Amino acid sequence: MWGGRFSGTIDEHMARFNNSFAFDHRMWDEDIRGSMAWARQLAHAGILTPDELLAILRGLETVRAEFAKRHFVVHPSDEDIHTAVERRLTEIVGDVAGKLHTGRSRNDQVATDTRLWTLGALRRVECALRDVQNALLTQAEAAKTALMPGYTHLQRAQPVLTTHWLLSHFWRLERDHARLVECLERTSTLPLGSGALAGTSLDIDRSVLAKDLGFNAISFNSLDAVSDRDFIVEWLFCAAMIGVHLSQLAEDLIIYSSTEFGFVTLDEAFATGSSLMPQKKNPDSLELTRGKAGRLIGNLVTLLTLLKGLPSTYNKDLQEDKEPLFDAVDTLELTLPVVAGVIRTSRFHYNRMREALDDGMLATDVADYLVEHGVPFREAHRVVGVLVSEAETRQVQLSKLSLEVYRAVHPAFDDDIYMVFNLDRSAAARRVPGATSAEAVQEQLKQARACLRET
Ligand code: ARG
């Protein structure tokens, strides 16, 4: 393909080092679509006669069918997907195939194919992400007004609605979704027509080409267009962030499904047993989800490192962009349906969650009581601290201390203090938007449902 200036043959190790067909063959459909659109522009520019265009399009259809049926036979000289398709096209239609690469370079070709592939893949990931959000929303609705302990530092902090906790994971994924949509938008820029680096001299219409291939825009600068891989970095950040968010959800569920917590039981379809300990039921689905975040972060770092300090414009380093890109897509296409399945099939034990609540979690509410009676919050905090320590010494709950004890610590206490020890009332008092009262959470559910309706 580039043999004209060379007299010898390539070293065998170098060939293996150089060839990317083993992984970039995945872009066969995009490569063929790109070539078909390019051929139509070549006809428009007068490079191909209508008959030649027809021959090339038919030939490309045949190559496409071979790939689709997995009949395509790789040749040792197939350096990458682009050369493989052209080599096969030549075998099918003869010399006219040699006109297809007019005004085009593998530099703008690979940039175009990769963007096309990424657009398709990101749309699939987007659907899978939406499905996880759907599963979270369904469980959030099913939890009604059930209360559970909310944690900070993994210590019991304040009672919250189970729905509130489930939706906390929904909103993280909602931001990921928004990022993905923006990434799709920026990916949808056509590099074709940039040639090797300086643009093409042919009379082609890049806007028509963009429309033909489904791109929203055309690149502004050919030097930039052949080397711009920002869209992959952005995607890999999206993927890493999704991975991190899923790992956090996984960790919550791993902890909550332990015997010690008992808040949730995972379905057997998403757990495995131990080869040694017959009693074990392990949350492997969630542990793998937690683990996959590592490789997603790794892929992002790989690409940033690859791009750092590259000189203008195309450099062969860029061939290394595809494996991290593909791996992130594969990883999430594998992970997201599992996470959705785990969430859908999990059984939440609202009674156990409720039992895990204790009056000690209402210490803030006791402080709020004093604040309502005109005590500055800092002072109220100190007073309740003394009461908590008193309860600990006497080994009783905060609510079981006598009014004398309360009044001895602060005179603002009266016998209505015991009304504070009502877990539902505590949650219900947190009414501002975004808080955990039933009404605020209803509003949140409405907003979450609206997000899912939008797409
Ligand atoms: N296989 C190459 C890649 O993935 C295609 C571009 C090669 N261009 C070149 N000038 N050698 O980046």
# chains A, B, ... in the order shown; residues from 1 in each chain; ligands from 1
>>> residues_near_ligand(ligand="ligand 1", cutoff="8 Å", atoms="only C-alpha atoms and all ligand atoms", output="PDB file with N, CA and C atoms, in the first residue's frame")
ATOM      1  N   ASN A  19       1.106  -3.719  13.084  1.00  0.00           N
ATOM      2  CA  ASN A  19      -0.261  -4.043  12.651  1.00  0.00           C
ATOM      3  C   ASN A  19      -1.304  -3.817  13.748  1.00  0.00           C
ATOM      4  N   SER A  20      -2.406  -3.224  13.327  1.00  0.00           N
ATOM      5  CA  SER A  20      -3.472  -2.963  14.301  1.00  0.00           C
ATOM      6  C   SER A  20      -4.756  -3.696  13.941  1.00  0.00           C
ATOM      7  N   PHE A  21      -4.700  -4.498  12.886  1.00  0.00           N
ATOM      8  CA  PHE A  21      -5.927  -5.175  12.438  1.00  0.00           C
ATOM      9  C   PHE A  21      -6.555  -6.002  13.565  1.00  0.00           C
ATOM     10  N   ASP A  24      -8.349  -3.168  15.472  1.00  0.00           N
ATOM     11  CA  ASP A  24      -9.176  -2.156  14.803  1.00  0.00           C
ATOM     12  C   ASP A  24     -10.125  -2.747  13.753  1.00  0.00           C
ATOM     13  N   GLU A  79      -2.513  -4.458   7.174  1.00  0.00           N
ATOM     14  CA  GLU A  79      -1.894  -3.745   8.288  1.00  0.00           C
ATOM     15  C   GLU A  79      -2.943  -3.314   9.313  1.00  0.00           C
ATOM     16  N   ASP A  80      -4.036  -2.808   8.784  1.00  0.00           N
ATOM     17  CA  ASP A  80      -5.123  -2.373   9.668  1.00  0.00           C
ATOM     18  C   ASP A  80      -6.443  -2.542   8.921  1.00  0.00           C
ATOM     19  N   ILE A  81      -7.540  -2.149   9.537  1.00  0.00           N
ATOM     20  CA  ILE A  81      -8.859  -2.341   8.925  1.00  0.00           C
ATOM     21  C   ILE A  81      -8.966  -1.579   7.595  1.00  0.00           C
ATOM     22  N   HIS A  82      -8.311  -0.417   7.535  1.00  0.00           N
ATOM     23  CA  HIS A  82      -8.428   0.417   6.331  1.00  0.00           C
ATOM     24  C   HIS A  82      -7.761  -0.242   5.121  1.00  0.00           C
ATOM     25  N   SER A 105      -6.476  10.264   3.325  1.00  0.00           N
ATOM     26  CA  SER A 105      -5.336   9.660   3.994  1.00  0.00           C
ATOM     27  C   SER A 105      -5.873   8.747   5.070  1.00  0.00           C
ATOM     28  N   ARG A 106      -5.075   7.787   5.493  1.00  0.00           N
ATOM     29  CA  ARG A 106      -5.534   6.972   6.613  1.00  0.00           C
ATOM     30  C   ARG A 106      -5.645   7.824   7.882  1.00  0.00           C
ATOM     31  N   ASN A 107      -4.981   8.984   7.843  1.00  0.00           N
ATOM     32  CA  ASN A 107      -5.050   9.847   9.034  1.00  0.00           C
ATOM     33  C   ASN A 107      -6.450  10.416   9.249  1.00  0.00           C
ATOM     34  N   GLN A 109      -9.005   9.197   7.697  1.00  0.00           N
ATOM     35  CA  GLN A 109      -9.886   8.020   7.652  1.00  0.00           C
ATOM     36  C   GLN A 109     -10.030   7.384   9.042  1.00  0.00           C
ATOM     37  N   VAL A 110      -8.909   7.195   9.714  1.00  0.00           N
ATOM     38  CA  VAL A 110      -8.974   6.529  11.020  1.00  0.00           C
ATOM     39  C   VAL A 110      -9.669   7.434  12.041  1.00  0.00           C
ATOM     40  N   ALA A 111      -9.435   8.735  11.913  1.00  0.00           N
ATOM     41  CA  ALA A 111     -10.106   9.670  12.838  1.00  0.00           C
ATOM     42  C   ALA A 111     -11.626   9.608  12.631  1.00  0.00           C
ATOM     43  N   ALA A 196      -4.024  14.000   4.883  1.00  0.00           N
ATOM     44  CA  ALA A 196      -2.999  13.560   5.825  1.00  0.00           C
ATOM     45  C   ALA A 196      -2.861  14.576   6.944  1.00  0.00           C
ATOM     46  N   TYR A 314      -0.574  14.049  13.083  1.00  0.00           N
ATOM     47  CA  TYR A 314      -0.728  12.611  13.299  1.00  0.00           C
ATOM     48  C   TYR A 314       0.626  12.006  13.643  1.00  0.00           C
ATOM     49  N   ASN A 315       0.655  11.206  14.679  1.00  0.00           N
ATOM     50  CA  ASN A 315       1.826  10.396  15.027  1.00  0.00           C
ATOM     51  C   ASN A 315       1.316   8.996  15.300  1.00  0.00           C
ATOM     52  N   LYS A 316       2.146   8.009  15.009  1.00  0.00           N
ATOM     53  CA  LYS A 316       1.673   6.625  15.108  1.00  0.00           C
ATOM     54  C   LYS A 316       1.278   6.241  16.534  1.00  0.00           C
ATOM     55  N   ASP A 317       1.786   7.016  17.511  1.00  0.00           N
ATOM     56  CA  ASP A 317       1.351   6.781  18.892  1.00  0.00           C
ATOM     57  C   ASP A 317      -0.170   6.661  18.960  1.00  0.00           C
ATOM     58  N   LEU A 318      -0.824   7.442  18.101  1.00  0.00           N
ATOM     59  CA  LEU A 318      -2.292   7.534  18.168  1.00  0.00           C
ATOM     60  C   LEU A 318      -2.983   6.210  17.893  1.00  0.00           C
ATOM     61  N   GLN A 319      -2.270   5.290  17.263  1.00  0.00           N
ATOM     62  CA  GLN A 319      -2.863   3.972  17.036  1.00  0.00           C
ATOM     63  C   GLN A 319      -3.185   3.277  18.369  1.00  0.00           C
ATOM     64  N   GLU A 320      -2.474   3.699  19.409  1.00  0.00           N
ATOM     65  CA  GLU A 320      -2.668   3.110  20.744  1.00  0.00           C
ATOM     66  C   GLU A 320      -3.946   3.616  21.435  1.00  0.00           C
ATOM     67  N   ASP A 321      -4.702   4.461  20.737  1.00  0.00           N
ATOM     68  CA  ASP A 321      -5.907   5.020  21.375  1.00  0.00           C
ATOM     69  C   ASP A 321      -7.062   4.018  21.420  1.00  0.00           C
ATOM     70  N   LYS A 322      -7.022   3.026  20.510  1.00  0.00           N
ATOM     71  CA  LYS A 322      -8.216   2.208  20.326  1.00  0.00           C
ATOM     72  C   LYS A 322      -8.468   1.180  21.412  1.00  0.00           C
TER      73      LYS A 322
END
>>> closest_atom_pairs(of="stretch 305-414 of chain A", to="stretch 290-297 of chain A", cutoff="12 Å", atoms="only C-alpha atoms", output="Markdown table")
| residue | atom | partner | partner_atom | distance |
| --- | --- | --- | --- | --- |
| A:Glu323 | CA | A:Leu296 | CA | 11.8 |
| A:Pro324 | CA | A:Leu296 | CA | 8.4 |
| A:Leu325 | CA | A:Leu296 | CA | 9.7 |
| A:Phe326 | CA | A:Leu296 | CA | 10.8 |
| A:Asp327 | CA | A:Leu296 | CA | 8.1 |
| A:Ala328 | CA | A:Leu296 | CA | 5.9 |
| A:Val329 | CA | A:Leu296 | CA | 9.4 |
| A:Asp330 | CA | A:Leu296 | CA | 10.4 |
| A:Thr331 | CA | A:Lys292 | CA | 7.2 |
| A:Leu332 | CA | A:Lys292 | CA | 8.6 |
| A:Glu333 | CA | A:Lys292 | CA | 11.6 |
| A:Leu334 | CA | A:Lys292 | CA | 10.0 |
| A:Thr335 | CA | A:Lys292 | CA | 8.0 |
| A:Leu336 | CA | A:Lys292 | CA | 11.0 |
| A:Val339 | CA | A:Arg290 | CA | 10.7 |
>>> write_last_selection(atoms="N, CA and C atoms", output="tab-separated table (two decimals), in the first residue's frame")
chain	number	residue	atom	x	y	z
A	323	GLU	N	-7.42	0.52	21.87
A	323	GLU	CA	-7.66	-0.53	22.87
A	323	GLU	C	-8.29	0.00	24.17
A	324	PRO	N	-7.77	1.12	24.70
A	324	PRO	CA	-8.46	1.67	25.89
A	324	PRO	C	-9.90	2.09	25.59
A	325	LEU	N	-10.08	2.68	24.40
A	325	LEU	CA	-11.44	3.08	24.00
A	325	LEU	C	-12.39	1.88	23.97
A	326	PHE	N	-11.96	0.83	23.27
A	326	PHE	CA	-12.79	-0.37	23.15
A	326	PHE	C	-13.01	-1.02	24.52
A	327	ASP	N	-11.92	-1.07	25.30
A	327	ASP	CA	-12.01	-1.77	26.58
A	327	ASP	C	-13.01	-1.10	27.51
A	328	ALA	N	-13.03	0.24	27.47
A	328	ALA	CA	-13.97	0.96	28.35
A	328	ALA	C	-15.41	0.66	27.93
A	329	VAL	N	-15.64	0.61	26.62
A	329	VAL	CA	-16.98	0.29	26.12
A	329	VAL	C	-17.36	-1.14	26.52
A	330	ASP	N	-16.45	-2.07	26.26
A	330	ASP	CA	-16.73	-3.47	26.60
A	330	ASP	C	-17.01	-3.63	28.10
A	331	THR	N	-16.17	-2.99	28.89
A	331	THR	CA	-16.30	-3.12	30.35
A	331	THR	C	-17.67	-2.62	30.81
A	332	LEU	N	-18.07	-1.46	30.30
A	332	LEU	CA	-19.36	-0.94	30.76
A	332	LEU	C	-20.54	-1.70	30.15
A	333	GLU	N	-20.39	-2.18	28.93
A	333	GLU	CA	-21.49	-2.97	28.35
A	333	GLU	C	-21.68	-4.29	29.10
A	334	LEU	N	-20.62	-4.71	29.75
A	334	LEU	CA	-20.68	-5.93	30.55
A	334	LEU	C	-21.20	-5.63	31.96
A	335	THR	N	-20.76	-4.52	32.50
A	335	THR	CA	-21.06	-4.19	33.90
A	335	THR	C	-22.48	-3.65	34.10
A	336	LEU	N	-22.87	-2.71	33.25
A	336	LEU	CA	-24.14	-2.00	33.48
A	336	LEU	C	-25.36	-2.95	33.56
A	339	VAL	N	-25.36	-4.68	36.94
A	339	VAL	CA	-25.76	-3.80	38.04
A	339	VAL	C	-27.28	-3.58	38.01
>>> closest_atom_pairs(of="stretch 96-183 of chain A", to="stretch 244-268 of chain A", cutoff="12 Å", atoms="only C-alpha atoms", output="tab-separated table")
residue	atom	partner	partner_atom	distance
A:Leu129	CA	A:Leu246	CA	10.4
A:Val132	CA	A:Leu246	CA	9.7
A:Gln133	CA	A:Leu246	CA	11.1
A:Leu136	CA	A:Leu249	CA	10.5
A:Gln139	CA	A:Val264	CA	11.8
A:Ala146	CA	A:Phe263	CA	11.7
A:Leu147	CA	A:Phe263	CA	11.2
A:Met148	CA	A:Phe263	CA	8.8
A:Pro149	CA	A:Phe263	CA	10.3
A:Gly150	CA	A:Asp252	CA	11.3
A:Tyr151	CA	A:Asp252	CA	10.5
A:Leu154	CA	A:Ile255	CA	9.9
A:Arg156	CA	A:Phe261	CA	11.9
A:Thr162	CA	A:Phe263	CA	10.3
A:Trp165	CA	A:Asp252	CA	10.0
A:Leu166	CA	A:Leu249	CA	9.0
A:Leu167	CA	A:Leu249	CA	10.9
A:Ser168	CA	A:Leu249	CA	9.5
A:His169	CA	A:Leu249	CA	6.6
A:Phe170	CA	A:Leu249	CA	9.7
A:Trp171	CA	A:His245	CA	10.2
A:Arg172	CA	A:His245	CA	6.8
A:Leu173	CA	A:His245	CA	7.2
A:Glu174	CA	A:His245	CA	10.8
A:Arg175	CA	A:His245	CA	10.5
A:Asp176	CA	A:His245	CA	8.9
A:His177	CA	A:His245	CA	11.9
>>> select_by_dssp(residues="stretch 118-213 of chain A", states="strand (DSSP E or B)", output="ChimeraX atom specification")
/A:147-152,155-161,189-190
>>> write_last_selection(atoms="C-alpha atoms", output="CSV table (one decimal), in the first residue's frame")
chain,number,residue,atom,x,y,z
A,147,LEU,CA,-36.6,4.5,57.1
A,148,MET,CA,-33.0,3.4,57.3
A,149,PRO,CA,-29.9,4.7,59.0
A,150,GLY,CA,-28.0,7.3,57.0
A,151,TYR,CA,-24.2,7.1,57.5
A,152,THR,CA,-21.2,9.3,57.6
A,155,GLN,CA,-21.2,5.4,61.5
A,156,ARG,CA,-24.9,5.7,62.2
A,157,ALA,CA,-25.7,9.4,61.6
A,158,GLN,CA,-29.3,10.3,61.0
A,159,PRO,CA,-32.5,8.5,59.9
A,160,VAL,CA,-33.2,8.9,56.2
A,161,LEU,CA,-35.8,7.5,53.8
A,189,THR,CA,-17.5,16.2,14.3
A,190,LEU,CA,-16.3,15.1,10.8
>>> closest_residue(among="A:Met361, A:Ile218, A:Ile56, A:Ile232", to="A:Trp117", atoms="only C-alpha atoms")
A:Ile232
>>> atom_distance(atom1="atom CA of A:Ser201", atom2="atom CA of A:Leu48")
15.3 Å
>>> residues_around(residues="stretch 205-213 of chain A", least_positions_apart="2", cutoff="7 Å", atoms="only C-alpha atoms", output="ChimeraX atom specification")
/A:37,190,193,203,215-218
>>> select_by_dssp(residues="stretch 52-265 of chain A", states="alpha helix (DSSP H)", output="ChimeraX atom specification")
/A:52-68,81-93,106-142,162-187,206-213,222-227,230-256
>>> closest_residue(among="A:Arg130, A:Arg425, A:Lys446, A:His373", to="A:His410", atoms="only C-alpha atoms")
A:His373
>>> closest_residue(among="A:Thr138, A:Thr289, A:Asn422, A:Ser222", to="A:Ser399", atoms="only C-alpha atoms")
A:Asn422
>>> closest_residue(among="A:Arg26, A:Thr200, A:Asn299, A:Gln395", to="A:His101", atoms="only C-alpha atoms")
A:Thr200
>>> residues_around(residues="A:Arg87", least_positions_apart="6", cutoff="10 Å", atoms="only C-alpha atoms", output="list in words")
Met1, Val74, His75, Ser77, Asp78, Ile81, Gly94, Ala97 and Gly98 of chain A
>>> residues_around(residues="A:Leu119", least_positions_apart="5", cutoff="12 Å", atoms="only C-alpha atoms", output="ChimeraX atom specification")
/A:27,30,112-114,124-126,180-190,213-216,231-232,235,325,329
>>> residues_around(residues="stretch 378-384 of chain A", least_positions_apart="6", cutoff="9 Å", atoms="only C-alpha atoms", output="ChimeraX atom specification")
/A:363-364,366-371,409-410
